[in-house]
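A.B. asks: For reference, this is query.txt, and it has compact mmCIF, C-alpha atoms.
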```
# COMPACT_ATOMS: atom_id res chain seq x y z
CA MET I 1499 12.67 -2.50 51.58
CA LYS I 1500 14.72 -3.40 48.53
CA ASN I 1501 14.16 -1.14 45.53
CA ILE I 1502 11.26 -2.69 43.67
CA THR I 1503 12.90 -2.14 40.30
CA ASP I 1504 16.09 -3.98 41.31
CA ARG I 1505 16.44 -7.33 39.61
CA PRO I 1506 19.13 -10.00 39.44
CA SER I 1507 21.48 -10.29 36.50
CA LYS I 1508 20.39 -13.88 35.96
CA GLY I 1509 17.62 -16.26 36.91
CA PHE I 1510 13.87 -15.65 36.85
CA TRP I 1511 12.32 -12.22 37.33
CA ILE I 1512 9.33 -10.18 36.20
CA THR I 1513 8.96 -6.42 35.99
CA LYS I 1514 5.45 -5.27 35.12
CA TRP I 1515 4.32 -1.67 34.77
CA PHE I 1516 0.69 -0.62 34.73
CA LEU I 1517 -0.30 2.90 33.70
CA ASP I 1518 -3.71 4.31 32.94
CA PHE I 1519 -5.28 7.52 31.68
CA ILE I 1520 -8.81 8.93 31.80
CA GLY I 1521 -9.12 11.79 29.36
CA GLU I 1522 -11.16 14.95 29.57
CA ASP I 1523 -12.83 13.78 26.35
CA GLY I 1524 -13.92 10.50 27.97
CA SER I 1525 -11.20 8.35 26.37
CA ILE I 1526 -9.38 5.74 28.48
CA LEU I 1527 -5.95 4.18 27.96
CA ILE I 1528 -4.63 1.15 29.84
CA VAL I 1529 -0.93 0.28 29.38
CA TYR I 1530 0.82 -2.92 30.47
CA ALA I 1531 4.59 -2.89 29.80
CA ALA I 1532 6.55 -5.84 31.12
CA GLU I 1533 9.68 -7.94 30.86
CA LEU I 1534 10.05 -11.58 31.92
CA ALA I 1535 13.39 -13.36 32.25
CA TRP I 1536 13.28 -17.12 31.71
CA ARG I 1537 16.10 -19.62 31.17
CA GLY I 1538 18.61 -17.02 30.05
CA GLY I 1539 16.30 -15.00 27.80
CA VAL I 1540 14.29 -11.82 28.33
CA ILE I 1541 10.80 -11.63 26.86
CA PRO I 1542 9.16 -8.20 26.50
CA TYR I 1543 5.41 -7.66 26.49
CA THR I 1544 3.34 -4.57 25.73
CA ASN I 1545 -0.43 -4.42 25.85
CA LEU I 1546 -2.56 -1.37 25.08
CA LEU I 1547 -6.27 -1.05 25.67
CA TRP I 1548 -7.97 2.03 24.22
CA TYR I 1549 -11.51 3.11 24.86
CA ARG I 1550 -12.80 5.93 22.70
CA PRO I 1551 -16.36 7.19 23.16
CA ASP I 1552 -16.99 7.16 19.39
CA SER I 1553 -15.59 3.69 18.65
CA GLY I 1554 -15.53 1.63 21.86
CA VAL I 1555 -12.72 -0.64 23.12
CA SER I 1556 -9.76 -1.75 21.01
CA LYS I 1557 -6.69 -3.76 22.04
CA ARG I 1558 -3.17 -4.10 20.71
CA TYR I 1559 -0.29 -6.15 22.07
CA ARG I 1560 3.11 -7.44 21.06
CA PHE I 1561 6.06 -9.50 22.31
CA THR I 1562 8.82 -7.44 20.72
CA ARG I 1563 11.32 -5.13 22.34
CA GLY I 1564 9.93 -1.80 23.47
CA ARG I 1565 10.66 0.75 26.14
CA LEU I 1566 9.56 0.33 29.71
CA PRO I 1567 8.30 3.52 31.38
CA GLU I 1568 11.05 5.76 32.73
CA ARG I 1569 10.76 7.61 36.02
CA GLU I 1570 12.64 10.78 36.92
CA GLY I 1571 11.56 12.64 40.02
CA THR I 1572 7.81 13.21 39.85
CA HIS I 1573 7.65 12.45 36.10
CA ILE I 1574 7.08 9.15 34.33
CA THR I 1575 7.46 9.08 30.57
CA TRP I 1576 6.53 6.31 28.19
CA THR I 1577 6.90 6.18 24.44
CA ASP I 1578 6.05 3.45 21.96
CA LYS I 1579 6.95 4.29 18.38
CA ARG I 1580 5.27 1.21 16.96
CA PHE I 1581 1.96 2.14 18.56
CA LYS I 1582 2.59 5.84 17.81
CA ILE I 1583 1.93 7.07 21.29
CA ALA I 1584 3.87 9.05 23.89
CA GLY I 1585 2.81 10.16 27.34
CA VAL I 1586 3.94 12.04 30.43
CA TRP I 1587 2.51 11.21 33.86
CA GLU I 1588 3.10 13.95 36.44
CA ALA I 1589 2.54 12.96 40.08
CA VAL I 1590 0.05 14.96 42.12
CA ALA I 1591 0.15 12.60 45.14
CA ASP I 1592 2.99 10.92 47.04
CA PRO I 1593 4.00 7.31 46.25
CA LEU I 1594 2.62 4.27 48.05
CA ASN I 1595 4.19 0.84 48.54
CA ALA I 1596 3.34 -2.49 50.12
CA ARG I 1597 4.59 -6.05 50.42
CA LEU I 1598 1.69 -8.01 48.98
CA TYR I 1599 3.03 -11.53 49.48
CA GLU I 1600 5.84 -13.20 51.39
CA SER I 1601 6.56 -16.89 51.89
CA GLY I 1602 10.08 -17.94 52.73
CA ASN I 1603 12.32 -16.28 50.16
CA GLN I 1604 9.36 -15.51 47.88
CA VAL I 1605 8.48 -11.83 48.03
CA LEU I 1606 6.10 -9.75 45.92
CA ASP I 1607 6.48 -6.00 46.42
CA TRP I 1608 4.22 -3.34 44.90
CA GLN I 1609 5.24 0.24 44.23
CA CYS I 1610 2.62 2.79 43.25
CA TRP I 1611 4.74 5.68 42.05
CA GLN I 1612 1.71 7.78 41.17
CA PRO I 1613 -1.61 7.04 42.89
CA ARG I 1614 -2.90 10.15 41.12
CA SER I 1615 -1.38 11.88 38.10
CA LYS I 1616 -1.92 14.62 35.60
CA VAL I 1617 -1.35 13.07 32.18
CA SER I 1618 -0.61 14.41 28.72
CA LEU I 1619 -0.73 11.97 25.78
CA ILE I 1620 0.32 12.49 22.18
CA THR I 1621 -1.21 10.00 19.78
CA GLY I 1622 -0.95 10.69 16.07
CA ASP I 1623 -1.75 14.37 15.59
CA ALA I 1624 -3.82 14.64 18.77
CA THR I 1625 -2.82 15.72 22.27
CA LEU I 1626 -5.06 14.48 25.08
CA GLU I 1627 -5.15 15.76 28.64
CA GLY I 1628 -6.53 14.00 31.69
CA GLU I 1629 -5.77 12.14 34.91
CA GLY I 1630 -4.10 8.82 35.55
CA TYR I 1631 -2.18 6.38 37.70
CA ALA I 1632 1.13 4.43 37.58
CA GLU I 1633 2.45 1.37 39.43
CA VAL I 1634 5.11 -1.29 39.00
CA ILE I 1635 5.44 -4.82 40.38
CA SER I 1636 8.69 -6.77 40.38
CA THR I 1637 9.36 -10.27 41.64
CA THR I 1638 12.10 -12.85 41.39
CA PHE I 1639 9.80 -15.86 41.65
CA SER I 1640 7.01 -17.05 39.39
CA THR I 1641 3.76 -15.36 40.41
CA TRP I 1642 1.72 -18.46 39.57
CA GLU I 1643 3.22 -20.05 42.68
CA ILE I 1644 1.05 -17.76 44.82
CA PRO I 1645 -2.07 -19.70 45.89
CA LEU I 1646 -4.26 -16.77 44.85
CA ARG I 1647 -8.03 -17.15 45.06
CA GLU I 1648 -9.25 -13.62 44.37
CA LEU I 1649 -7.89 -10.15 43.69
CA ARG I 1650 -9.66 -6.82 43.81
CA TRP I 1651 -7.77 -3.68 42.82
CA GLY I 1652 -8.71 -0.16 41.89
CA HIS I 1653 -8.19 3.57 42.17
CA MET I 1654 -10.47 6.58 41.96
CA PHE I 1655 -10.47 10.37 42.01
CA SER I 1656 -13.24 12.81 42.89
CA GLY I 1657 -12.45 16.50 43.21
CA ASP I 1658 -9.61 16.77 45.70
CA ASP I 1659 -10.18 13.23 47.00
CA TRP I 1660 -8.57 10.00 45.79
CA ALA I 1661 -8.26 6.39 46.86
CA VAL I 1662 -6.33 3.23 45.98
CA TRP I 1663 -7.30 -0.29 47.06
CA ILE I 1664 -5.96 -3.84 46.86
CA GLU I 1665 -7.59 -6.92 48.36
CA LEU I 1666 -6.04 -10.38 48.07
CA ARG I 1667 -7.51 -13.69 49.10
CA VAL I 1668 -4.72 -16.22 49.42
CA ASN I 1669 -4.87 -18.31 52.60
CA LYS I 1670 -6.70 -15.40 54.17
CA GLN I 1671 -8.03 -12.02 53.10
CA SER I 1672 -5.58 -9.10 53.14
CA GLN I 1673 -6.33 -5.47 52.35
CA TRP I 1674 -4.27 -2.41 51.53
CA ILE I 1675 -6.48 0.66 51.16
CA TRP I 1676 -5.58 4.35 51.15
CA TRP I 1677 -7.82 7.40 51.36
CA ASN I 1678 -6.01 10.61 50.35
CA GLY I 1679 -2.67 8.98 51.15
CA GLU I 1680 -3.67 7.61 54.59
CA LYS I 1681 -3.78 3.85 55.00
CA LYS I 1682 -7.13 2.68 56.32
CA ASP I 1683 -8.17 -0.53 58.07
CA GLY I 1684 -11.49 -2.31 58.43
CA CYS I 1685 -12.89 -1.21 55.07
CA LEU I 1686 -15.69 -3.02 53.26
CA LEU I 1687 -15.02 -3.70 49.59
CA SER I 1688 -16.99 -5.16 46.70
CA ASP I 1689 -17.15 -4.64 42.95
CA THR I 1690 -19.84 -1.97 43.39
CA GLU I 1691 -19.06 -0.26 46.70
CA LEU I 1692 -16.22 0.73 48.98
CA PHE I 1693 -16.83 1.90 52.57
CA PHE I 1694 -14.24 3.62 54.77
CA PRO I 1695 -15.44 3.61 58.42
CA ASP I 1696 -12.95 6.41 59.07
CA PRO I 1697 -13.68 9.10 57.81
CA GLY I 1698 -17.14 7.72 57.05
CA VAL I 1699 -16.89 7.64 53.26
CA THR I 1700 -18.93 5.50 50.87
CA LEU I 1701 -17.95 5.11 47.21
CA LYS I 1702 -20.53 3.64 44.88
CA LEU I 1703 -19.10 2.23 41.63
CA ASP I 1704 -21.55 1.96 38.73
CA GLY I 1705 -19.51 -0.51 36.61
CA GLY I 1706 -20.85 1.36 33.63
CA LEU I 1707 -18.10 0.42 31.17
CA ILE I 1708 -16.51 -3.03 30.93
CA LEU I 1709 -12.98 -2.62 29.59
CA GLU I 1710 -11.99 -6.29 29.78
CA LYS I 1711 -13.80 -9.51 30.60
CA GLU I 1712 -11.80 -12.59 29.74
CA GLN I 1713 -9.37 -15.31 30.80
CA LYS I 1714 -6.48 -12.96 30.14
CA VAL I 1715 -3.76 -15.10 31.71
CA ASN I 1716 -4.68 -17.99 29.40
CA ARG I 1717 -4.54 -15.74 26.32
CA VAL I 1718 -1.15 -14.25 27.23
CA ALA I 1719 0.27 -17.68 28.12
CA GLY I 1720 -0.88 -18.97 24.74
CA ARG I 1721 1.13 -16.26 23.03
CA LEU I 1722 4.16 -16.93 25.22
CA VAL I 1723 4.29 -20.53 24.04
CA GLY I 1724 5.77 -19.22 20.79
CA PHE I 1725 8.72 -17.85 22.77
CA ILE I 1726 8.90 -20.50 25.51
CA PRO I 1727 7.83 -23.94 24.22
CA GLY I 1728 5.84 -25.82 26.83
CA PHE I 1729 5.35 -22.72 28.96
CA SER I 1730 1.62 -23.29 29.43
CA LYS I 1731 2.27 -26.84 30.69
CA ILE I 1732 4.06 -25.61 33.80
CA LEU I 1733 1.25 -23.23 34.79
CA PRO I 1734 -1.39 -24.41 37.25
CA LYS I 1735 -4.82 -24.83 35.67
CA ALA I 1736 -6.42 -22.46 38.19
CA PHE I 1737 -3.90 -19.77 37.23
CA LEU I 1738 -4.56 -20.27 33.51
CA MET I 1739 -8.32 -20.24 33.95
CA ALA I 1740 -8.42 -17.15 36.20
CA HIS I 1741 -11.14 -14.80 34.98
CA GLN I 1742 -10.56 -11.06 34.99
CA THR I 1743 -13.05 -8.22 34.69
CA MET I 1744 -11.94 -4.59 34.54
CA TRP I 1745 -14.34 -1.66 34.69
CA ALA I 1746 -14.29 2.08 34.23
CA SER I 1747 -16.88 3.41 36.65
CA ARG I 1748 -18.49 6.69 37.39
CA ILE I 1749 -18.66 7.01 41.14
CA GLN I 1750 -20.86 8.66 43.68
CA LEU I 1751 -19.05 9.69 46.84
CA ALA I 1752 -20.86 10.33 50.12
CA MET I 1753 -19.09 11.50 53.27
CA GLU I 1754 -20.40 11.96 56.78
CA GLY I 1755 -20.66 15.67 57.52
CA ARG I 1756 -20.65 16.61 53.84
CA GLU I 1757 -23.97 17.40 52.22
CA GLY I 1758 -24.92 15.83 48.92
CA LEU I 1759 -23.03 13.40 46.70
CA SER I 1760 -20.04 14.20 44.52
CA GLY I 1761 -19.03 12.35 41.37
CA GLY I 1762 -15.74 11.09 40.02
CA ARG I 1763 -14.10 8.29 38.02
CA ALA I 1764 -12.55 4.94 38.89
CA ILE I 1765 -10.66 2.11 37.19
CA HIS I 1766 -11.04 -1.19 39.03
CA GLU I 1767 -10.86 -4.94 38.48
CA PHE I 1768 -11.74 -8.31 39.94
CA LEU I 1769 -9.73 -11.46 39.25
CA ASN I 1770 -11.27 -14.80 40.19
CA ALA I 1771 -8.82 -17.68 40.27
CA ASN I 1772 -11.59 -20.10 41.29
CA PRO I 1773 -14.26 -19.59 38.62
CA LYS I 1774 -17.26 -21.90 38.80
```
If you took the structure in this file and wrote it as structure tokens, what would it be?
C.D. replies:
Amino acid sequence: MKNITDRPSKGFWITKWFLDFIGEDGSILIVYAAELAWRGGVIPYTNLLWYRPDSGVSKRYRFTRGRLPEREGTHITWTDKRFKIAGVWEAVADPLNARLYESGNQVLDWQCWQPRSKVSLITGDATLEGEGYAEVISTTFSTWEIPLRELRWGHMFSGDDWAVWIELRVNKQSQWIWWNGEKKDGCLLSDTELFFPDPGVTLKLDGGLILEKEQKVNRVAGRLVGFIPGFSKILPKAFLMAHQTMWASRIQLAMEGREGLSGGRAIHEFLNANPK
């Protein structure tokens, strides 16, 4: 498979990083750092979502040049001087990858460099420790050309156990689900529960904290119009109106042959491109 971070010197391409952090103090950070090439220009985008137990959710974003995350070995570093934050993600699980979509010469590859991480963040005068996750998607065709109906995505950790899941509904339903690094088939997935028939694991997601609930694509496209006049006019209405909900959940994990339930944390989302 071609290196997912490779991109052509000209033409259209998108590179989008997603990193998250769940702190020991209960704080949560979501980072989107992306670049989009369009008609000879490169447009950067950075979006931060912070949840702090004492003040709730806050969001900041900008379309000015910043630094994409940098990977070296098992480390990923990311620094944003404008937002006054710096972080180091250290992998504690091996990378995952998948080809999520392919049609003719249109290919969308996904690289999860860190399905589970130990994270250290410096923000202002504070240093926060916790766990996290890091992935990157790159494509050389416009993602709104995918006839996407629904997307479910998420990851979780509980003690020594972890999982990552993706479910796409395009012309048919496709799943990519891993339990402790092993790809699993035939899983049942919803916004509140995930069942692995092998090894007989049930994850219950409480959806206790809504991090985002909005037509995010429409909002971002509206901002992009300032950089690309008429940009929103080329986007399909269903793509613009897609509704996204992202949760931070406490989980209860039950496994056949293991007594009792164990807890943990999860970040997960549902995107509906056919809202009613």
A.B. asks: So which residues touch Leu1649 (chain I) within 6 Å, counting only C-alpha atoms, skipping near sequence neighbours fewer than 6 positions away, as a PyMOL selection string?
C.D. replies: chain I and resi 1665-1666+1768-1769
A.B. asks: Taking all atoms listed in the file into account, produce a table as JSON lines in which each residue of region 1499-1594 of chain I with an atom at most 10 Å from an atom of region 1679-1692 of chain I appears once, together with its shortest atom pair and the distance in Å to one decimal, ordered by chain and rising number.
C.D. replies:
```
{"residue": "I:Ala1591", "atom": "CA", "partner": "I:Gly1679", "partner_atom": "CA", "distance": 7.6}
{"residue": "I:Asp1592", "atom": "CA", "partner": "I:Gly1679", "partner_atom": "CA", "distance": 7.3}
{"residue": "I:Pro1593", "atom": "CA", "partner": "I:Gly1679", "partner_atom": "CA", "distance": 8.4}
{"residue": "I:Leu1594", "atom": "CA", "partner": "I:Gly1679", "partner_atom": "CA", "distance": 7.7}
```
A.B. asks: How many Å lie between CA of Tyr1530 (chain I) and CA of Trp1576 (chain I), rounded to one decimal?
C.D. replies: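 CA of Trp1576 (chain I) lies 11.1 Å from CA of Tyr1530 (chain I).
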A.B. asks: For the atom pair CA of Thr1637 (chain I) and CA of Ala1596 (chain I), what is the interatomic distance in Å to one decimal place?
C.D. replies: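 Separation between CA of Thr1637 (chain I) and CA of Ala1596 (chain I): 13.0 Å.
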A.B. asks: Using all atoms listed in the file, which residues sit within 7 Å of region 1548-1552 of chain I once same-chain residues fewer than 2 positions away are excluded, as a list in words?
C.D. replies: Gly1524, Ser1525, Ile1526, Leu1527, Ile1528, Leu1546, Gly1554, Val1555, Ser1556 and Lys1557 of chain I
A.B. asks: Rounded to one decimal in Å, what is the spacing between CA of Lys1670 (chain I) and CA of Arg1647 (chain I)?
C.D. replies: 9.4 Å
A.B. asks: Which residues are near region 1580-1582 of chain I? Cut-off 10 Å, only C-alpha atoms, ignore same chain within fewer than 5 positions. Put them as a list in words.
C.D. replies: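 Using only C-alpha atoms, the neighbours found are Thr1544, Leu1546, Arg1558, Tyr1559, Arg1560, Gly1564, Ile1620, Thr1621, Gly1622 and Asp1623 of chain I.
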A.B. asks: Which one of I:Ile1664, I:Leu1606, I:Leu1598, I:Ala1531 sits closest to Asp1578 (chain I) if you count only C-alpha atoms?
C.D. replies: I:Ala1531
A.B. asks: Residues within 6 Å of Ser1618 (chain I), please, as number ranges by chain. Count only C-alpha atoms; anything in the same chain fewer than 5 positions from it doesn't count.
C.D. replies: I: 1585-1586, 1626-1627
A.B. asks: Can you pull out the residues contacting Val1634 (chain I)? Cut-off 10 Å, using all atoms listed in the file, and skip same-chain residues under 2 positions away; I want them as a PyMOL selection string.
C.D. replies: chain I and resi 1502-1503+1513-1517+1530-1532+1567+1595+1607-1612+1632+1636
A.B. asks: Name the closest residue to Val1540 (chain I) among the candidates I:Trp1511, I:Gly1762, I:Glu1522, I:Gly1657; distances are taken between atoms, counting all atoms listed in the file.
C.D. replies: I:Trp1511
A.B. asks: Just checking: using all atoms listed in the file, which residue out of I:Ser1615, I:Thr1572, I:Thr1562, I:Asn1603 ends up closest to Gly1628 (chain I)?
C.D. replies: I:Ser1615
A.B. asks: Which is closer to Gly1706 (chain I) than all the others in I:Ala1764, I:Gln1673, I:Arg1667, I:Gln1742, using only C-alpha atoms?
C.D. replies: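 Of I:Ala1764, I:Gln1673, I:Arg1667, I:Gln1742, the one nearest Gly1706 (chain I), counting only C-alpha atoms, is I:Ala1764.
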A.B. asks: Select, from I:Thr1638, I:Thr1575, I:Gln1750, I:Thr1743, the residue with the minimum atom-to-atom distance to Ile1512 (chain I), counting only C-alpha atoms.
C.D. replies: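 Among the listed residues, the smallest separation from Ile1512 (chain I) belongs to I:Thr1638.
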A.B. asks: Edge lengths and centre, in Å to one decimal, as lines of an AutoDock Vina configuration file: that's what I need for the box along x, y and z that holds all listed atoms of region 1749-1753 of chain I plus 5 Å on each side.
C.D. replies:
```
center_x = -19.8
center_y = 9.3
center_z = 47.2
size_x = 12.2
size_y = 14.5
size_z = 22.1
```
A.B. asks: Using all atoms listed in the file, find the one residue out of I:Lys1711, I:Glu1570, I:Phe1639, I:Gly1602 that sits nearest to Ala1535 (chain I).
C.D. replies: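 For Ala1535 (chain I), the nearest of the given residues is I:Phe1639.
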